[in-house]
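Q: Here it is: the structure, laid out below.
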Amino acid sequence: MPKRHAPGLPSRQQILDFIASSETPAGKREIARAFGLHAQDKILLKGLLKDMADEGLIDSAPGRAFHKMGGVPKVTVLRIVDVTDEGVPIAVPENWDSDQPPPRLRVMARGKRAPLGPGDRILSRTEEAGSGWLAHPMKTLARGEEQVLGVLRREGDRLWLKPVDKREKRDWPVSDAGEADAGDLVLAEKTGRPPRMTVRVTDRLGDPFAPRSFSLVAIHKFGIPDVFSEDVLAEATAAAALPIGEGREDLRHLPIVAIDPVDARDHDDAVWATPDDDPGNVGGYRAIVAIADVAYYVRAGSDLDRSARKRGNSVYFPDRVVPMLPEILSADVCSLKEGVDRAALVCHLRVASDGTLKGWHFTRALVRIAANIAYEDAQAAIDGEPGRVSPELVDGALNPLWACWRLFAGARDRRAPLDLDLPERRVVLDETGRIASVAPRERLDSMRLIEEYMIAANVAAAKALEAKKAPVMYRDHEPPSREKLVALKEYLDTFGVSFALGQVVKPATFNHLLDRIDDPAIRPQVMEQILRSQTQAYYAPANTGHFGLALGSYAHFTSPIRRYADLLVHRSLVGAYGLAPAVPETRLPVADAERMTELGEAISRTERRAMEAERETVDRYVAAYLARFVGKVVETRITGVRPFGFFATVQDIGGDGLVPVSTLGSEYFHYDEAAQALVGEESGDRYVSGQLLKLRLVESDPISGALRFEPVAGASHRPPLRAGRSERPRMGRPGRPRNIRHQGKR
């Protein structure tokens with residue numbers, strides 16, 4: 001029998017508690033009955049439930065029960081999307097109207113029910129367990145149509161669909177193309193059953209080979225929202241017209257500069273420094289980190305705010321940006337542009353002569369940026385090259401910034417954060433949107449400078465909120481797990497490099513390890529392996545510290561134009577310190593403060609989604625760039641070895657392609673798991689992780705981003721013993737091809 005409550009209109013928390021504890025779906029009628037409501041109270045309850053839905057506390061839809069926002073209805077239809085290695089099906093709600101990405105539920109199937117696989121649909125009871133969700137199937141439903149994203153190709157008089165996902169190993173015959181034709185990027189659904197399964201086109205998405213459109217594939221594959229509603233655009237336009245507001249600190253007299261990539265689409269941050277004239281801080285500096293005051297324009301609870309929360313972050317592709325905020329704000333009114341007045345939330349820092357922070361405070365300010373300077377120009381000016389930046393700005397802005405940065409750099413060296421200098425690929429497009437080049441991005445001191453100022457402001461924001469016991473959305477990065485450390489030790493053993501598992505692991509532990517490896521062919525691969533041993537950073541209101549940066553408290557404050565986490569931190573600072581102009585909607589709402597854990601999980605998911613989409617898009621551009629070299633011999637490096645072959649990447653460009661073991665010749669190849677090597681039984685040829693070798697590029701597919709190589713006839717593959725054991729791959733389950741004899745651990 002349902003629990004009865006004292007009569008009277010319940011509070012928000014009482015409603016949330018009732019929904020969470022109810023054993024049956026809880027609609028308005030059930031809530032009214034449980035709290036003994038009558039007549040006028042029922043009308044008030046209806047308004048209260050609507051307010052709670054608008055505030056993001058609960059989710060609702062006509063004719064359906066309520067459930068906690070970010071949660072799942074007590075009984076709902078789920079779709080199986082994956083099965084774990086242990087055989088546990090993973091499902092998501094079939095209908096999901098929340099701003100947050102759908103949760104993944106572990107399906108607890110019992111009895112003699114037929115095994116569930118991807119595409120299956122179930123009616124299920126659900127429950128929240130710990131930090132996750134469980135599903136208890138009630139009934140298996142008719143199988144839904146599985147969708148596939150791909151490009152149409154014509155073969156004779158028939159159309160085929162080539163999936164964009166490189167894991168899909170086959171093309172699908174098209175039963176109904178609608179108005180689409182060969183070359184179109186389409187969304188289709190699978191129909192029928194194997195072996196006669198076909199696909200039917202449901203949406204024509206455009207030409208994936210058109211200039212600046214490779215990102216279309218990722219946008220549709222990952223479901224990234226890329227169109228703003230009319231209501232959101234109208235709110236953004238109205239927000240852009242807001243006066244900057246009274247009560248701000250006027251900093252327009254200072255030569256504050258924004259130093260960014262040459263192709264930056266928005267400008268969140270700007271910096272300034274000067275020697276501190278305080279006798280108590282001899283040799284120290286005063287510094288300012290000015291950040292766009294996005295919270296002033298994006299008011300909590302608005303349609304604009306809900307849209308930003310749903311997106312979680314901006315997504316940056318070589319051919320476009322999918323912004324978190326409409327461009328009238330992200331690229332204009334909020335962007336810190338040269339020579340125009342802008343609203344900013346400013347972090348004032350006092351930096352000691354040893355580079356540590358002596359103090360900080362925050363103000364809402366009015367700034368006028370003295371210049372937007374590209375990293376390359378700032379670096380050239382400091383290096384003495386004339387004409388890139390005006391002499392007045394070099395003396396008045398850049399030189400003091402560099403002097404203060406040297407103090408920061410000294411403190412960083414003593415703190416010894418994880419130091420992995422891995423190259424980042426940069427895709428350069430020409431005026432028509434075609435690929436001009438793909439090359440590693442140069443790492444300059446000007447980039448390191450801005451990074452240190454941002455880190456200092458982020459630390460100050462976290463500590464300032466801690467001092468007020470205000471909510472903090474921390475950027476947490478936990479130490480590596482023992483499992484990953486064991487894998488790293490096994491990998492290092494192949495070098496004869498010792499790594500003690502019993503030690504207290506700090507970032508400096510890995511730095512010292514790298515100092516012991518001076519072979520330039522091996523060192524980058526060791527860096528990659530150390531990177532793979534690290535945990536993934538995430539957002540949460542509980543502080544676990546930032547292992548990689550060797551910091552005890554760390555939050556993201558410096559990029560509210562492109563990260564919702566930073567916007568939450570801004571609102572918390574405004575509320576905790578009563579910063580003027582005092583607009584209540586620019587503070588962190590109580591409802592958000594109470595559900596920071598859920599918000600952190602949601603924006604961590606959208607961040608991972610963006611990272612995957614960006615990485616896949618760069619891979620597609622690389623494949624398109626390399627298509628001109630098909631048939632040519634290229635310099636490659638082996639990135640992973642498995643029993644079925646090895647993976648290789650093109651030196652200084654990237655991409656990832658398979659060399660199947662069947663192409664290595666007719667002899668048997670032993671797979672040496674400990675050494676991560678394939679060894680020819682007769683020839684002694686070795687293919688080991690990290691090895692540099694020439695391969696012929698035989699396929700480069702821009703749609704999937706996949707490459708395929710084959711060995712060059714007559715080449716010898718006997719690397720020095722230490723030259724190749726440099727990376728432990730994580731690429732799927734090993735197979736057992738017929739010309740492989742497996743040795744080593746099973």
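Chain identifiers are assigned as A, B, and so on, following the order in which chains appear in the structure tokens; residues are numbered from 1 within each chain, and ligands are numbered from 1 in order of appearance.
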Would you mind listing what lies within 9 Å of segment 652-668 of chain A as a PyMOL selection string, with only C-alpha atoms counted and same-chain residues fewer than 4 positions away left out?
A: chain A and resi 423+425-426+438-440+618-620+622-623+626+636+639+643-648+678-683+699-700+705-711+737-741
Q: Could you write out that same residue set with N, CA, C and O atoms as a compact mmCIF listing (two decimals), in the first residue's frame?
A:
# COMPACT_ATOMS: atom_id res chain seq x y z
N PRO A 423 52.29 15.42 -30.11
CA PRO A 423 51.89 16.33 -31.19
C PRO A 423 50.39 16.30 -31.44
O PRO A 423 49.74 15.26 -31.29
N ARG A 425 47.51 17.12 -34.38
CA ARG A 425 47.38 17.34 -35.82
C ARG A 425 46.54 18.58 -36.11
O ARG A 425 45.55 18.84 -35.44
N ARG A 426 46.96 19.33 -37.12
CA ARG A 426 46.21 20.50 -37.55
C ARG A 426 45.84 20.33 -39.02
O ARG A 426 46.72 20.17 -39.87
N VAL A 438 47.94 18.66 -43.82
CA VAL A 438 47.76 18.06 -42.50
C VAL A 438 49.14 17.95 -41.90
O VAL A 438 50.03 17.33 -42.49
N ALA A 439 49.34 18.56 -40.73
CA ALA A 439 50.68 18.57 -40.14
C ALA A 439 50.56 18.73 -38.63
O ALA A 439 49.54 19.19 -38.12
N PRO A 440 51.61 18.34 -37.89
CA PRO A 440 51.59 18.56 -36.44
C PRO A 440 51.53 20.05 -36.12
O PRO A 440 52.13 20.87 -36.81
N VAL A 618 38.69 14.50 -37.88
CA VAL A 618 40.09 14.69 -38.29
C VAL A 618 40.58 13.46 -39.04
O VAL A 618 41.28 13.57 -40.06
N ASP A 619 40.21 12.26 -38.57
CA ASP A 619 40.60 11.03 -39.27
C ASP A 619 40.05 11.02 -40.70
O ASP A 619 40.73 10.57 -41.63
N ARG A 620 38.84 11.52 -40.89
CA ARG A 620 38.26 11.55 -42.24
C ARG A 620 39.00 12.55 -43.13
O ARG A 620 39.23 12.29 -44.31
N VAL A 622 42.13 13.39 -42.75
CA VAL A 622 43.43 12.78 -43.03
C VAL A 622 43.29 11.75 -44.15
O VAL A 622 44.12 11.70 -45.07
N ALA A 623 42.23 10.94 -44.08
CA ALA A 623 42.03 9.93 -45.13
C ALA A 623 41.80 10.60 -46.48
O ALA A 623 42.29 10.12 -47.52
N LEU A 626 45.14 11.79 -47.71
CA LEU A 626 46.03 10.71 -48.13
C LEU A 626 45.52 9.98 -49.37
O LEU A 626 46.27 9.19 -49.97
N THR A 636 55.65 4.97 -42.21
CA THR A 636 54.64 4.69 -41.19
C THR A 636 55.30 4.26 -39.89
O THR A 636 56.50 3.96 -39.85
N THR A 639 51.44 1.14 -34.59
CA THR A 639 50.82 1.62 -33.36
C THR A 639 50.23 0.50 -32.52
O THR A 639 49.89 0.72 -31.36
N PRO A 643 47.00 -10.55 -33.01
CA PRO A 643 47.22 -11.81 -33.75
C PRO A 643 46.81 -11.75 -35.21
O PRO A 643 47.36 -12.47 -36.04
N PHE A 644 45.83 -10.90 -35.56
CA PHE A 644 45.32 -10.87 -36.93
C PHE A 644 46.06 -9.87 -37.82
O PHE A 644 45.72 -9.71 -38.98
N GLY A 645 47.07 -9.17 -37.30
CA GLY A 645 47.81 -8.21 -38.10
C GLY A 645 48.33 -7.08 -37.22
O GLY A 645 48.37 -7.19 -35.99
N PHE A 646 48.69 -5.97 -37.86
CA PHE A 646 49.12 -4.83 -37.06
C PHE A 646 48.54 -3.55 -37.64
O PHE A 646 48.16 -3.47 -38.81
N PHE A 647 48.46 -2.53 -36.77
CA PHE A 647 47.94 -1.22 -37.15
C PHE A 647 49.12 -0.26 -37.31
O PHE A 647 50.10 -0.33 -36.57
N ALA A 648 48.99 0.64 -38.27
CA ALA A 648 50.06 1.60 -38.53
C ALA A 648 49.47 2.97 -38.81
O ALA A 648 48.33 3.10 -39.25
N LEU A 678 54.76 -9.60 -34.03
CA LEU A 678 54.52 -10.72 -34.93
C LEU A 678 55.88 -11.13 -35.48
O LEU A 678 56.62 -10.28 -35.98
N VAL A 679 56.20 -12.42 -35.39
CA VAL A 679 57.53 -12.90 -35.77
C VAL A 679 57.39 -14.01 -36.81
O VAL A 679 56.70 -15.01 -36.57
N GLY A 680 58.03 -13.81 -37.97
CA GLY A 680 57.98 -14.81 -39.03
C GLY A 680 58.71 -16.08 -38.63
O GLY A 680 59.85 -16.03 -38.17
N GLU A 681 58.06 -17.24 -38.83
CA GLU A 681 58.63 -18.52 -38.40
C GLU A 681 59.89 -18.87 -39.18
O GLU A 681 60.85 -19.41 -38.64
N GLU A 682 59.92 -18.57 -40.48
CA GLU A 682 61.06 -18.94 -41.32
C GLU A 682 62.03 -17.76 -41.52
O GLU A 682 63.25 -17.92 -41.39
N SER A 683 61.49 -16.58 -41.82
CA SER A 683 62.34 -15.44 -42.16
C SER A 683 62.89 -14.72 -40.94
O SER A 683 63.92 -14.05 -41.02
N GLU A 699 44.49 1.74 -49.69
CA GLU A 699 43.12 2.26 -49.60
C GLU A 699 43.08 3.39 -48.59
O GLU A 699 43.72 3.32 -47.53
N SER A 700 42.35 4.44 -48.91
CA SER A 700 42.17 5.57 -48.00
C SER A 700 40.74 6.06 -48.17
O SER A 700 40.41 6.70 -49.17
N GLY A 705 37.12 7.09 -42.64
CA GLY A 705 38.39 7.50 -42.05
C GLY A 705 39.39 6.37 -41.96
O GLY A 705 40.45 6.51 -41.35
N ALA A 706 39.09 5.22 -42.57
CA ALA A 706 39.96 4.04 -42.47
C ALA A 706 41.02 4.03 -43.57
O ALA A 706 40.78 4.47 -44.70
N LEU A 707 42.19 3.51 -43.21
CA LEU A 707 43.28 3.31 -44.15
C LEU A 707 43.59 1.81 -44.23
O LEU A 707 43.29 1.06 -43.31
N ARG A 708 44.20 1.40 -45.34
CA ARG A 708 44.68 0.01 -45.44
C ARG A 708 46.03 0.02 -46.14
O ARG A 708 46.22 0.71 -47.14
N PHE A 709 46.97 -0.72 -45.54
CA PHE A 709 48.33 -0.78 -46.06
C PHE A 709 48.68 -2.21 -46.46
O PHE A 709 47.98 -3.16 -46.09
N GLU A 710 49.78 -2.33 -47.19
CA GLU A 710 50.36 -3.64 -47.44
C GLU A 710 51.88 -3.49 -47.44
O GLU A 710 52.41 -2.41 -47.71
N PRO A 711 52.59 -4.58 -47.10
CA PRO A 711 54.06 -4.50 -47.07
C PRO A 711 54.64 -4.23 -48.45
O PRO A 711 54.02 -4.51 -49.48
N PRO A 737 43.46 -15.96 -36.87
CA PRO A 737 43.54 -16.26 -38.30
C PRO A 737 44.30 -17.56 -38.53
O PRO A 737 45.11 -17.99 -37.72
N ARG A 738 44.07 -18.16 -39.68
CA ARG A 738 44.59 -19.50 -39.91
C ARG A 738 46.11 -19.54 -40.02
O ARG A 738 46.72 -20.57 -39.76
N ASN A 739 46.77 -18.43 -40.39
CA ASN A 739 48.22 -18.49 -40.52
C ASN A 739 48.92 -17.83 -39.33
O ASN A 739 49.97 -17.25 -39.43
N ILE A 740 48.27 -17.92 -38.14
CA ILE A 740 48.86 -17.39 -36.91
C ILE A 740 49.00 -18.53 -35.91
O ILE A 740 48.09 -19.32 -35.72
N ARG A 741 50.15 -18.60 -35.27
CA ARG A 741 50.32 -19.48 -34.12
C ARG A 741 50.51 -18.59 -32.91
O ARG A 741 51.44 -17.79 -32.85
Q: Where in segment 474-560 of chain A does DSSP assign helix (DSSP H, G or I), given as a short mmCIF file (atom, residue, chain, number, x, y, z; two decimals) with N, CA and C atoms, in the first residue's frame?
A:
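Below is the file result_3.cif, written as the result:
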data_model
loop_
_atom_site.label_atom_id
_atom_site.label_comp_id
_atom_site.auth_asym_id
_atom_site.auth_seq_id
_atom_site.Cartn_x
_atom_site.Cartn_y
_atom_site.Cartn_z
N ARG A 482 45.19 0.40 -10.65
CA ARG A 482 46.24 -0.61 -10.55
C ARG A 482 46.28 -1.46 -11.82
N GLU A 483 45.11 -1.75 -12.38
CA GLU A 483 45.07 -2.56 -13.60
C GLU A 483 45.88 -1.91 -14.72
N LYS A 484 45.74 -0.59 -14.87
CA LYS A 484 46.47 0.10 -15.93
C LYS A 484 47.95 0.20 -15.60
N LEU A 485 48.28 0.31 -14.33
CA LEU A 485 49.69 0.35 -13.94
C LEU A 485 50.36 -0.99 -14.19
N VAL A 486 49.63 -2.08 -13.95
CA VAL A 486 50.17 -3.41 -14.23
C VAL A 486 50.45 -3.55 -15.73
N ALA A 487 49.51 -3.09 -16.57
CA ALA A 487 49.70 -3.16 -18.02
C ALA A 487 50.91 -2.32 -18.44
N LEU A 488 51.08 -1.15 -17.81
CA LEU A 488 52.22 -0.31 -18.13
C LEU A 488 53.53 -1.00 -17.73
N LYS A 489 53.54 -1.64 -16.56
CA LYS A 489 54.74 -2.34 -16.11
C LYS A 489 55.13 -3.45 -17.09
N GLU A 490 54.13 -4.24 -17.53
CA GLU A 490 54.40 -5.33 -18.48
C GLU A 490 54.97 -4.78 -19.78
N TYR A 491 54.45 -3.66 -20.20
CA TYR A 491 54.95 -3.01 -21.41
C TYR A 491 56.40 -2.55 -21.23
N LEU A 492 56.70 -1.91 -20.09
CA LEU A 492 58.05 -1.40 -19.84
C LEU A 492 59.05 -2.53 -19.66
N ASP A 493 58.57 -3.68 -19.18
CA ASP A 493 59.46 -4.84 -19.03
C ASP A 493 60.10 -5.23 -20.35
N PRO A 507 52.48 12.26 -10.65
CA PRO A 507 52.83 12.63 -12.02
C PRO A 507 54.34 12.61 -12.27
N ALA A 508 55.12 13.02 -11.25
CA ALA A 508 56.57 13.04 -11.40
C ALA A 508 57.13 11.64 -11.62
N THR A 509 56.41 10.62 -11.14
CA THR A 509 56.85 9.23 -11.36
C THR A 509 56.99 8.95 -12.85
N PHE A 510 56.01 9.39 -13.61
CA PHE A 510 56.03 9.16 -15.06
C PHE A 510 57.06 10.06 -15.74
N ASN A 511 57.22 11.29 -15.24
CA ASN A 511 58.22 12.18 -15.81
C ASN A 511 59.62 11.59 -15.65
N HIS A 512 59.92 11.06 -14.46
CA HIS A 512 61.23 10.46 -14.23
C HIS A 512 61.43 9.23 -15.10
N LEU A 513 60.34 8.49 -15.32
CA LEU A 513 60.43 7.32 -16.19
C LEU A 513 60.84 7.74 -17.61
N LEU A 514 60.23 8.81 -18.09
CA LEU A 514 60.56 9.29 -19.44
C LEU A 514 62.00 9.80 -19.51
N ASP A 515 62.49 10.36 -18.41
CA ASP A 515 63.87 10.85 -18.40
C ASP A 515 64.87 9.72 -18.61
N ARG A 523 60.81 7.29 -27.37
CA ARG A 523 60.25 8.19 -26.36
C ARG A 523 58.80 8.62 -26.66
N PRO A 524 58.46 9.04 -27.89
CA PRO A 524 57.06 9.43 -28.15
C PRO A 524 56.08 8.29 -27.91
N GLN A 525 56.51 7.05 -28.20
CA GLN A 525 55.61 5.92 -28.03
C GLN A 525 55.40 5.61 -26.54
N VAL A 526 56.43 5.81 -25.75
CA VAL A 526 56.29 5.64 -24.31
C VAL A 526 55.33 6.69 -23.76
N MET A 527 55.45 7.90 -24.29
CA MET A 527 54.52 8.96 -23.87
C MET A 527 53.08 8.56 -24.16
N GLU A 528 52.84 8.01 -25.34
CA GLU A 528 51.49 7.61 -25.71
C GLU A 528 50.98 6.53 -24.77
N GLN A 529 51.86 5.58 -24.42
CA GLN A 529 51.44 4.50 -23.54
C GLN A 529 51.14 5.04 -22.13
N ILE A 530 51.94 5.97 -21.65
CA ILE A 530 51.66 6.59 -20.36
C ILE A 530 50.32 7.32 -20.40
N LEU A 531 50.07 8.01 -21.51
CA LEU A 531 48.79 8.69 -21.66
C LEU A 531 47.64 7.70 -21.59
N ARG A 532 47.79 6.54 -22.24
CA ARG A 532 46.73 5.54 -22.23
C ARG A 532 46.52 4.93 -20.85
N SER A 533 47.53 5.01 -20.00
CA SER A 533 47.38 4.46 -18.65
C SER A 533 46.60 5.40 -17.73
#
Q: May I have the residues within 10 Å of segment 81-90 of chain A as a PyMOL selection string, using only C-alpha atoms and disregarding those fewer than 2 positions away in the same chain?
A: chain A and resi 78-79+92+103-109+115-121+134-135+146
Q: For the atom pair atom CA of Leu349 of chain A and atom CA of Leu401 of chain A, what is the interatomic distance in Å to one decimal place?
A: 12.7 Å
Q: Excluding segment 187-196 of chain A and its own-chain neighbours fewer than 5 positions away, which residues fall within 8 Å of it when counting only C-alpha atoms? Please give them as a list in words.
A: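 So, after excluding close chain neighbours, the residues are Glu145, Glu146, Gln147, Val148, Leu149, Gly150, Val201, Thr202, Asp203, Arg204 and Leu205 of chain A.
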Q: Please report the interatomic distance between atom CA of Arg571 of chain A and atom CA of Cys334 of chain A in Å with one decimal.
A: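 One can read the atom CA of Arg571 of chain A to atom CA of Cys334 of chain A distance as 15.6 Å.
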Q: Atom CA of Asp421 of chain A to atom CA of Leu357 of chain A: how many Å, to one decimal?
A: 25.6 Å
Q: For Ile328 of chain A, find every residue with an atom within 8 Å (counting only C-alpha atoms), except residues of its own chain fewer than 2 positions away, and show them as a PyMOL selection string.
A: chain A and resi 236-237+240+326+330-333
Q: Please list as a ChimeraX atom specification every residue within 12 Å of Ala238 of chain A, counting only C-alpha atoms and excluding residues in the same chain fewer than 3 positions away.
A: /A:231-235,241-243,297-299,302,304,326,328-329,333
Q: I need the residues in segment 619-727 of chain A that are strand (DSSP E or B) according to DSSP; give them as a PDB file with C-alpha atoms, in the first residue's frame.
A:
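Resulting contents of part_17.pdb:
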ATOM      1  CA  VAL A 633      54.973   3.985 -50.475  1.00  0.00           C
ATOM      2  CA  VAL A 634      54.738   6.047 -47.280  1.00  0.00           C
ATOM      3  CA  GLU A 635      56.671   6.270 -44.013  1.00  0.00           C
ATOM      4  CA  THR A 636      54.642   4.695 -41.192  1.00  0.00           C
ATOM      5  CA  ARG A 637      54.915   3.683 -37.573  1.00  0.00           C
ATOM      6  CA  ILE A 638      53.296   0.582 -36.064  1.00  0.00           C
ATOM      7  CA  THR A 639      50.824   1.621 -33.359  1.00  0.00           C
ATOM      8  CA  GLY A 640      49.518  -1.786 -32.309  1.00  0.00           C
ATOM      9  CA  VAL A 641      50.054  -5.484 -32.922  1.00  0.00           C
ATOM     10  CA  ARG A 642      47.371  -8.164 -32.652  1.00  0.00           C
ATOM     11  CA  GLY A 645      47.813  -8.211 -38.095  1.00  0.00           C
ATOM     12  CA  PHE A 646      49.122  -4.825 -37.061  1.00  0.00           C
ATOM     13  CA  PHE A 647      47.943  -1.225 -37.153  1.00  0.00           C
ATOM     14  CA  ALA A 648      50.063   1.597 -38.533  1.00  0.00           C
ATOM     15  CA  THR A 649      49.885   5.377 -38.823  1.00  0.00           C
ATOM     16  CA  VAL A 650      51.490   7.677 -41.398  1.00  0.00           C
ATOM     17  CA  GLY A 654      48.169  10.485 -38.710  1.00  0.00           C
ATOM     18  CA  GLY A 655      45.364   8.188 -39.698  1.00  0.00           C
ATOM     19  CA  ASP A 656      45.147   4.571 -38.668  1.00  0.00           C
ATOM     20  CA  GLY A 657      45.161   1.521 -40.920  1.00  0.00           C
ATOM     21  CA  LEU A 658      45.370  -2.245 -40.716  1.00  0.00           C
ATOM     22  CA  VAL A 659      47.945  -4.511 -42.308  1.00  0.00           C
ATOM     23  CA  PRO A 660      46.260  -7.957 -42.236  1.00  0.00           C
ATOM     24  CA  PHE A 669      53.721 -15.624 -37.933  1.00  0.00           C
ATOM     25  CA  HIS A 670      53.874 -16.142 -34.192  1.00  0.00           C
ATOM     26  CA  TYR A 671      52.108 -13.560 -32.027  1.00  0.00           C
ATOM     27  CA  ASP A 672      54.361 -12.740 -29.058  1.00  0.00           C
ATOM     28  CA  ALA A 677      55.263  -8.530 -31.938  1.00  0.00           C
ATOM     29  CA  LEU A 678      54.522 -10.720 -34.933  1.00  0.00           C
ATOM     30  CA  VAL A 679      57.528 -12.895 -35.773  1.00  0.00           C
ATOM     31  CA  GLY A 680      57.977 -14.812 -39.031  1.00  0.00           C
ATOM     32  CA  ARG A 686      59.489  -8.919 -36.917  1.00  0.00           C
ATOM     33  CA  TYR A 687      56.661  -6.417 -36.742  1.00  0.00           C
ATOM     34  CA  VAL A 688      56.634  -4.728 -33.354  1.00  0.00           C
ATOM     35  CA  LEU A 692      59.168   2.577 -38.282  1.00  0.00           C
ATOM     36  CA  LEU A 693      58.745   1.043 -41.704  1.00  0.00           C
ATOM     37  CA  LYS A 694      57.734   1.782 -45.263  1.00  0.00           C
ATOM     38  CA  LEU A 695      54.310   0.501 -46.345  1.00  0.00           C
ATOM     39  CA  ARG A 696      52.250   0.865 -49.484  1.00  0.00           C
ATOM     40  CA  LEU A 697      48.964   2.699 -49.014  1.00  0.00           C
ATOM     41  CA  VAL A 698      46.349   0.651 -50.865  1.00  0.00           C
ATOM     42  CA  GLU A 699      43.124   2.259 -49.603  1.00  0.00           C
ATOM     43  CA  SER A 700      42.172   5.569 -48.001  1.00  0.00           C
ATOM     44  CA  ASP A 701      38.447   5.959 -47.313  1.00  0.00           C
ATOM     45  CA  ALA A 706      39.956   4.040 -42.466  1.00  0.00           C
ATOM     46  CA  LEU A 707      43.280   3.305 -44.154  1.00  0.00           C
ATOM     47  CA  ARG A 708      44.678   0.009 -45.441  1.00  0.00           C
ATOM     48  CA  PHE A 709      48.333  -0.781 -46.062  1.00  0.00           C
ATOM     49  CA  GLU A 710      50.360  -3.645 -47.437  1.00  0.00           C
ATOM     50  CA  PRO A 711      54.061  -4.502 -47.069  1.00  0.00           C
TER      51      PRO A 711
END
Q: Please provide the set of residues having any atom within 8 Å of segment 444-446 of chain A, restricted to only C-alpha atoms, with same-chain residues fewer than 2 positions apart removed, written as a PDB file with N, CA, C and O atoms, in the first residue's frame.
A:
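Here's the written file part_15.pdb:
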ATOM      1  N   ILE A 259      45.308  36.385 -26.448  1.00  0.00           N
ATOM      2  CA  ILE A 259      46.269  35.637 -27.266  1.00  0.00           C
ATOM      3  C   ILE A 259      45.659  34.278 -27.567  1.00  0.00           C
ATOM      4  O   ILE A 259      45.397  33.495 -26.642  1.00  0.00           O
ATOM      5  N   TYR A 375      48.918  33.376 -31.493  1.00  0.00           N
ATOM      6  CA  TYR A 375      50.049  32.786 -30.775  1.00  0.00           C
ATOM      7  C   TYR A 375      51.365  33.029 -31.516  1.00  0.00           C
ATOM      8  O   TYR A 375      52.383  33.401 -30.912  1.00  0.00           O
ATOM      9  N   GLU A 376      51.337  32.803 -32.818  1.00  0.00           N
ATOM     10  CA  GLU A 376      52.557  32.920 -33.614  1.00  0.00           C
ATOM     11  C   GLU A 376      53.095  34.353 -33.596  1.00  0.00           C
ATOM     12  O   GLU A 376      54.317  34.569 -33.523  1.00  0.00           O
ATOM     13  N   ALA A 378      52.526  36.692 -31.218  1.00  0.00           N
ATOM     14  CA  ALA A 378      53.022  37.008 -29.878  1.00  0.00           C
ATOM     15  C   ALA A 378      54.413  36.415 -29.666  1.00  0.00           C
ATOM     16  O   ALA A 378      55.307  37.071 -29.121  1.00  0.00           O
ATOM     17  N   GLN A 379      54.589  35.162 -30.122  1.00  0.00           N
ATOM     18  CA  GLN A 379      55.883  34.513 -29.958  1.00  0.00           C
ATOM     19  C   GLN A 379      56.958  35.230 -30.776  1.00  0.00           C
ATOM     20  O   GLN A 379      58.073  35.463 -30.294  1.00  0.00           O
ATOM     21  N   GLU A 442      52.579  23.206 -34.124  1.00  0.00           N
ATOM     22  CA  GLU A 442      53.768  23.602 -33.380  1.00  0.00           C
ATOM     23  C   GLU A 442      53.389  24.061 -31.974  1.00  0.00           C
ATOM     24  O   GLU A 442      52.386  24.739 -31.770  1.00  0.00           O
ATOM     25  N   ARG A 448      52.059  27.956 -23.968  1.00  0.00           N
ATOM     26  CA  ARG A 448      52.309  27.549 -22.583  1.00  0.00           C
ATOM     27  C   ARG A 448      51.987  28.694 -21.620  1.00  0.00           C
ATOM     28  O   ARG A 448      51.489  28.474 -20.513  1.00  0.00           O
ATOM     29  N   LEU A 449      52.286  29.915 -22.053  1.00  0.00           N
ATOM     30  CA  LEU A 449      52.001  31.081 -21.225  1.00  0.00           C
ATOM     31  C   LEU A 449      50.509  31.182 -20.912  1.00  0.00           C
ATOM     32  O   LEU A 449      50.100  31.292 -19.749  1.00  0.00           O
ATOM     33  N   ILE A 450      49.697  31.155 -21.950  1.00  0.00           N
ATOM     34  CA  ILE A 450      48.252  31.269 -21.740  1.00  0.00           C
ATOM     35  C   ILE A 450      47.748  30.105 -20.900  1.00  0.00           C
ATOM     36  O   ILE A 450      46.897  30.274 -20.012  1.00  0.00           O
TER      37      ILE A 450
END
Q: Please determine, counting only C-alpha atoms, which residue among A:Ser353, A:Asn458, A:Ser604, A:Gln13 has the shortest atom-to-atom distance to Ala403 of chain A.
A: A:Ser353
Q: I need the residue nearest Val459 of chain A from this list: A:Gly552, A:Pro279, A:Gly178, A:Gly502. Use only C-alpha atoms for the distance.
A: A:Gly552
Q: I need the residue nearest Thr558 of chain A from this list: A:Val394, A:Ile373, A:Ala270, A:Ala593. Use only C-alpha atoms for the distance.
A: A:Ala270
Q: Taking into account only C-alpha atoms, which residue in the set A:Leu254, A:Ala462, A:Ala273, A:Leu551 is nearest to Glu478 of chain A?
A: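 For Glu478 of chain A, the nearest of the given residues is A:Leu551.
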